[in-house]
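The block underneath contains the structure these notes are about, expressed in structure tokens.
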Amino acid sequence: MSDLKYRLGFNIVKGIGPAKMKALQGYFGDFGRAWHATELELNKIGVDRRAIRSFLATRQTLDLDVEMAKVEVANITLVTWDSPIYPGYLRDIPGSPPLLYVNGTITEADRWAVAIVGTRRLTSYGRQIARELTIGLVNNGVTIISGLARGIDAVAHKTAVEMGGRTIAVLGSGVDSIYPAEHRGLAKRIADGRGAVISEYGMGVRPEAKNFPPRNRVISGLSLGTIVIEAGIRSGALITSKFAMEQGREVFAVPGSINSPVSKGPNKLIQQGAKLVTCVEDVLEELNISMVVEKTAVQLALPSSKEEAALLKLLTREPTHIDKLSRQSGMPANKVSGTLTLMELKGIVQQTGGMNYALA
């Protein structure tokens, strides 16, 4: 916990990004030591003067315990590079976020994710295709990634939730500053059991234009591939597709009328070599997802440790309190709690409230 609050502190400092965080971790070993570093030490590892000034000013005024309390009160999970639930595909990209603020849950099943992005000014055609592709992907166990924006993003998230699938919304603001405001209800539905609302930006950060291109690299970084449905030539969706290509991920595009302004983006991507999509099978076959998802679902249902196996014998569809599980299994309460958390992330169990757990 102590190291976590220092990571949170550095994440708030302006001018300290992923590269500098890597350098701090490599030199000091832990972020607690780095937080108390001298100006000379910071200069020695290549932190520029402007970032050092920003850090020293922030360190003098920021109460890390207060900041951690804000996160805890809001029921937000902080996920670091070193966390077992930090998404593996995202960790692999250049400049991956050192810290993610997560409202909801990220599970092992979210490894099999596809981004659906597009214009805010969608047509009825775009709406129909977004729904059809989302339904097809959800039915194959694929998590839907998007940016919670109006238009195509919203259709993808809403459809995934309606179909009982999983979806992750990536914000260009703090997770407590939902934008647009009319999507607060949608964000709550996602976080309350249908996936997660995540951001690399701290609590209270407002949605600013400069935040959205970096946000788009996270959308593509979480995904095996990105589908662009409708988008203008200079749209954020095309920025996301560019990041996907740079990250070595697949780019898919839905063709549209040559006379439609919102089809110029995907049509251009197809000219440049993006995979043309006419149905969900085009995506599933290209990514070889169908067989992988079936195999993963079986693996996730199996216990991976003796502690999981012991708890699995005790759990039923009826909620059981963690204290009772501790007594029955003979395991310490903290061990039971940690094991149940992992089992919940894997989709084996679910918390039903009041520290009660049942089989999912």
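Chain labels follow the order of the structure tokens: the first chain is A, the next B, and so on; residue numbering restarts at 1 in every chain, and ligands are counted from 1 in their shown order.
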
Could you make a table, as CSV, of the residues of range 128-166 of chain A that have an atom within 12 Å of an atom of range 211-235 of chain A, each with its nearest atom pair and distance in Å to one decimal, counting only C-alpha atoms, in chain and number order?
residue,atom,partner,partner_atom,distance
A:Gln128,CA,A:Ile229,CA,10.3
A:Ile129,CA,A:Ile229,CA,7.5
A:Ala130,CA,A:Ile229,CA,7.0
A:Arg131,CA,A:Ile229,CA,10.7
A:Glu132,CA,A:Ile229,CA,11.4
A:Leu133,CA,A:Ile227,CA,9.3
A:Thr134,CA,A:Ile227,CA,10.4
A:Leu137,CA,A:Ile227,CA,11.4
A:Val142,CA,A:Ser223,CA,10.1
A:Thr143,CA,A:Ser223,CA,8.8
A:Ile144,CA,A:Ser223,CA,8.6
A:Ile145,CA,A:Ile219,CA,6.3
A:Ser146,CA,A:Ile219,CA,6.2
A:Gly147,CA,A:Ile219,CA,7.1
A:Leu148,CA,A:Ile219,CA,10.8
A:Ala149,CA,A:Phe212,CA,10.7
A:Gly151,CA,A:Glu230,CA,9.5
A:Ile152,CA,A:Ile229,CA,7.6
A:Asp153,CA,A:Ile229,CA,10.0
A:Val155,CA,A:Ile229,CA,11.4
A:Ala156,CA,A:Ile229,CA,10.7

Leaving out Tyr179 in chain A and any residue of its chain fewer than 3 positions from it, which residues lie within 10 Å of it when counting only C-alpha atoms, given as a list of chain:residue names? A:Gly147, A:Leu148, A:Ala149, A:Arg150, A:Leu171, A:Gly172, A:Ser173, A:Gly174, A:Val175, A:Asp176, A:Glu182, A:His183, A:Arg184, A:Ala187, A:Arg206, A:Pro207

CA of Lys158 in chain A to CA of Arg194 in chain A, distance in Å rounded to a single decimal: 10.4 Å

So which residues of range 113-343 of chain A fall under helix (DSSP H, G or I) by DSSP, listed as a PyMOL selection string? chain A and resi 124-139+152-162+181-194+209-221+236-246+261-271+280-287+289-300+306-314+322-329+333-343

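Of the listed residues (A:Thr167, A:Thr77, A:Gln25, A:Asn139), A:Thr77 comes nearest to Ser199 in chain A; the distances count only C-alpha atoms.
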
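Residue nearest Phe31 in chain A, chosen from A:Gly88, A:Gly353, A:Gly273, A:Pro98 and counting only C-alpha atoms: A:Pro98.
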
Who sits within 9 Å of Ile190 in chain A, only C-alpha atoms, same chain under 5 positions skipped, as JSON, numbers by chain: {"A": [103, 104, 157, 158, 161, 166, 167, 168, 169, 185, 195, 196, 197]}

Selected residues written out, C-alpha atoms, as a CSV table (one decimal), in the first residue's frame:
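File produced: again-v6.csv:
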chain,number,residue,atom,x,y,z
A,103,ASN,CA,-14.1,1.4,-11.6
A,104,GLY,CA,-15.4,-2.2,-12.0
A,157,HIS,CA,-21.1,-0.2,-25.0
A,158,LYS,CA,-24.8,-0.2,-24.6
A,161,VAL,CA,-24.3,-4.5,-21.7
A,166,ARG,CA,-18.3,-7.5,-21.0
A,167,THR,CA,-17.2,-4.0,-22.1
A,168,ILE,CA,-14.4,-1.6,-21.0
A,169,ALA,CA,-14.8,2.1,-21.4
A,185,GLY,CA,-25.8,5.9,-16.2
A,195,GLY,CA,-16.8,-4.7,-17.1
A,196,ALA,CA,-14.9,-1.6,-16.2
A,197,VAL,CA,-14.6,2.1,-16.7

Rank A:Ala19, A:Ala237, A:Leu311, A:Val138 by their smallest atom-to-atom distance to Ser96 in chain A, using only C-alpha atoms, and report the top residue only. A:Ala19

Write down as a ChimeraX atom specification the residues belonging to range 160-328 of chain A that are assigned strand (DSSP E or B) by DSSP computed on the backbone. /A:167-170,195-199,225-228,250-253,275-276,320-321

Which residue is closest to Gly17 in chain A? Choose from A:Met68, A:Gly256, A:Pro97, A:Ala274 and count only C-alpha atoms. A:Pro97

What lies within 8 Å of Gly141 in chain A using only C-alpha atoms, ignoring chain neighbours under 4 positions off, as a short mmCIF file (atom, residue, chain, number, x, y, z; two decimals) with N, CA and C atoms, in the first residue's frame?
data_model
loop_
_atom_site.label_atom_id
_atom_site.label_comp_id
_atom_site.auth_asym_id
_atom_site.auth_seq_id
_atom_site.Cartn_x
_atom_site.Cartn_y
_atom_site.Cartn_z
N ALA A 109 -10.63 -12.96 -18.82
CA ALA A 109 -11.38 -13.08 -20.08
C ALA A 109 -11.23 -11.85 -20.96
N TRP A 112 -9.28 -11.30 -24.42
CA TRP A 112 -9.86 -11.48 -25.74
C TRP A 112 -10.83 -10.31 -25.98
N LEU A 137 -19.66 -10.37 -31.59
CA LEU A 137 -18.46 -10.51 -30.77
C LEU A 137 -18.80 -10.96 -29.35
N GLY A 165 -22.80 -9.06 -22.12
CA GLY A 165 -21.38 -9.23 -22.36
C GLY A 165 -20.54 -8.31 -21.50
N VAL A 293 -11.33 -18.50 -27.37
CA VAL A 293 -12.29 -18.14 -26.33
C VAL A 293 -12.88 -19.39 -25.70
#

Give me, as a Markdown table, the closest atom pair and its distance (Å, one decimal) for every residue of range 82-198 of chain A within a cut-off of 9 Å of range 239-249 of chain A, counting only C-alpha atoms, rows sorted by chain and rising number.
| residue | atom | partner | partner_atom | distance |
| --- | --- | --- | --- | --- |
| A:Asp92 | CA | A:Gln247 | CA | 8.5 |
| A:Ile93 | CA | A:Gln247 | CA | 6.0 |
| A:Pro94 | CA | A:Gln247 | CA | 7.7 |
| A:Val117 | CA | A:Thr240 | CA | 8.0 |

Residues near Ser326 in chain A, anyone? I mean within 12 Å using only C-alpha atoms, not counting same-chain ones fewer than 2 positions away, as JSON, numbers by chain. {"A": [307, 310, 311, 314, 315, 320, 321, 322, 323, 324, 328, 329, 330, 331, 332, 333, 334, 335, 336, 337, 338, 339, 340, 355, 356]}

Rounded to one decimal, what separation in Å do you get between CA of Val79 in chain A and CA of Thr105 in chain A? 10.6 Å

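In this comparison, which uses only C-alpha atoms, the residue of A:Ile135, A:Val262, A:Leu64, A:Ala181 approaching Glu281 in chain A most closely is A:Ile135.
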
List as a PyMOL selection string the protein and nucleic acid residues near Val277 in chain A, meaning an atom at most 6 Å away when only C-alpha atoms are counted, but skip any in the same chain fewer than 3 places from it. chain A and resi 253-254+282

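With only C-alpha atoms as the basis for measurement, A:Ala23 is the residue among A:Leu122, A:Val66, A:Ala23, A:Ile348 that approaches Ile45 in chain A most closely.
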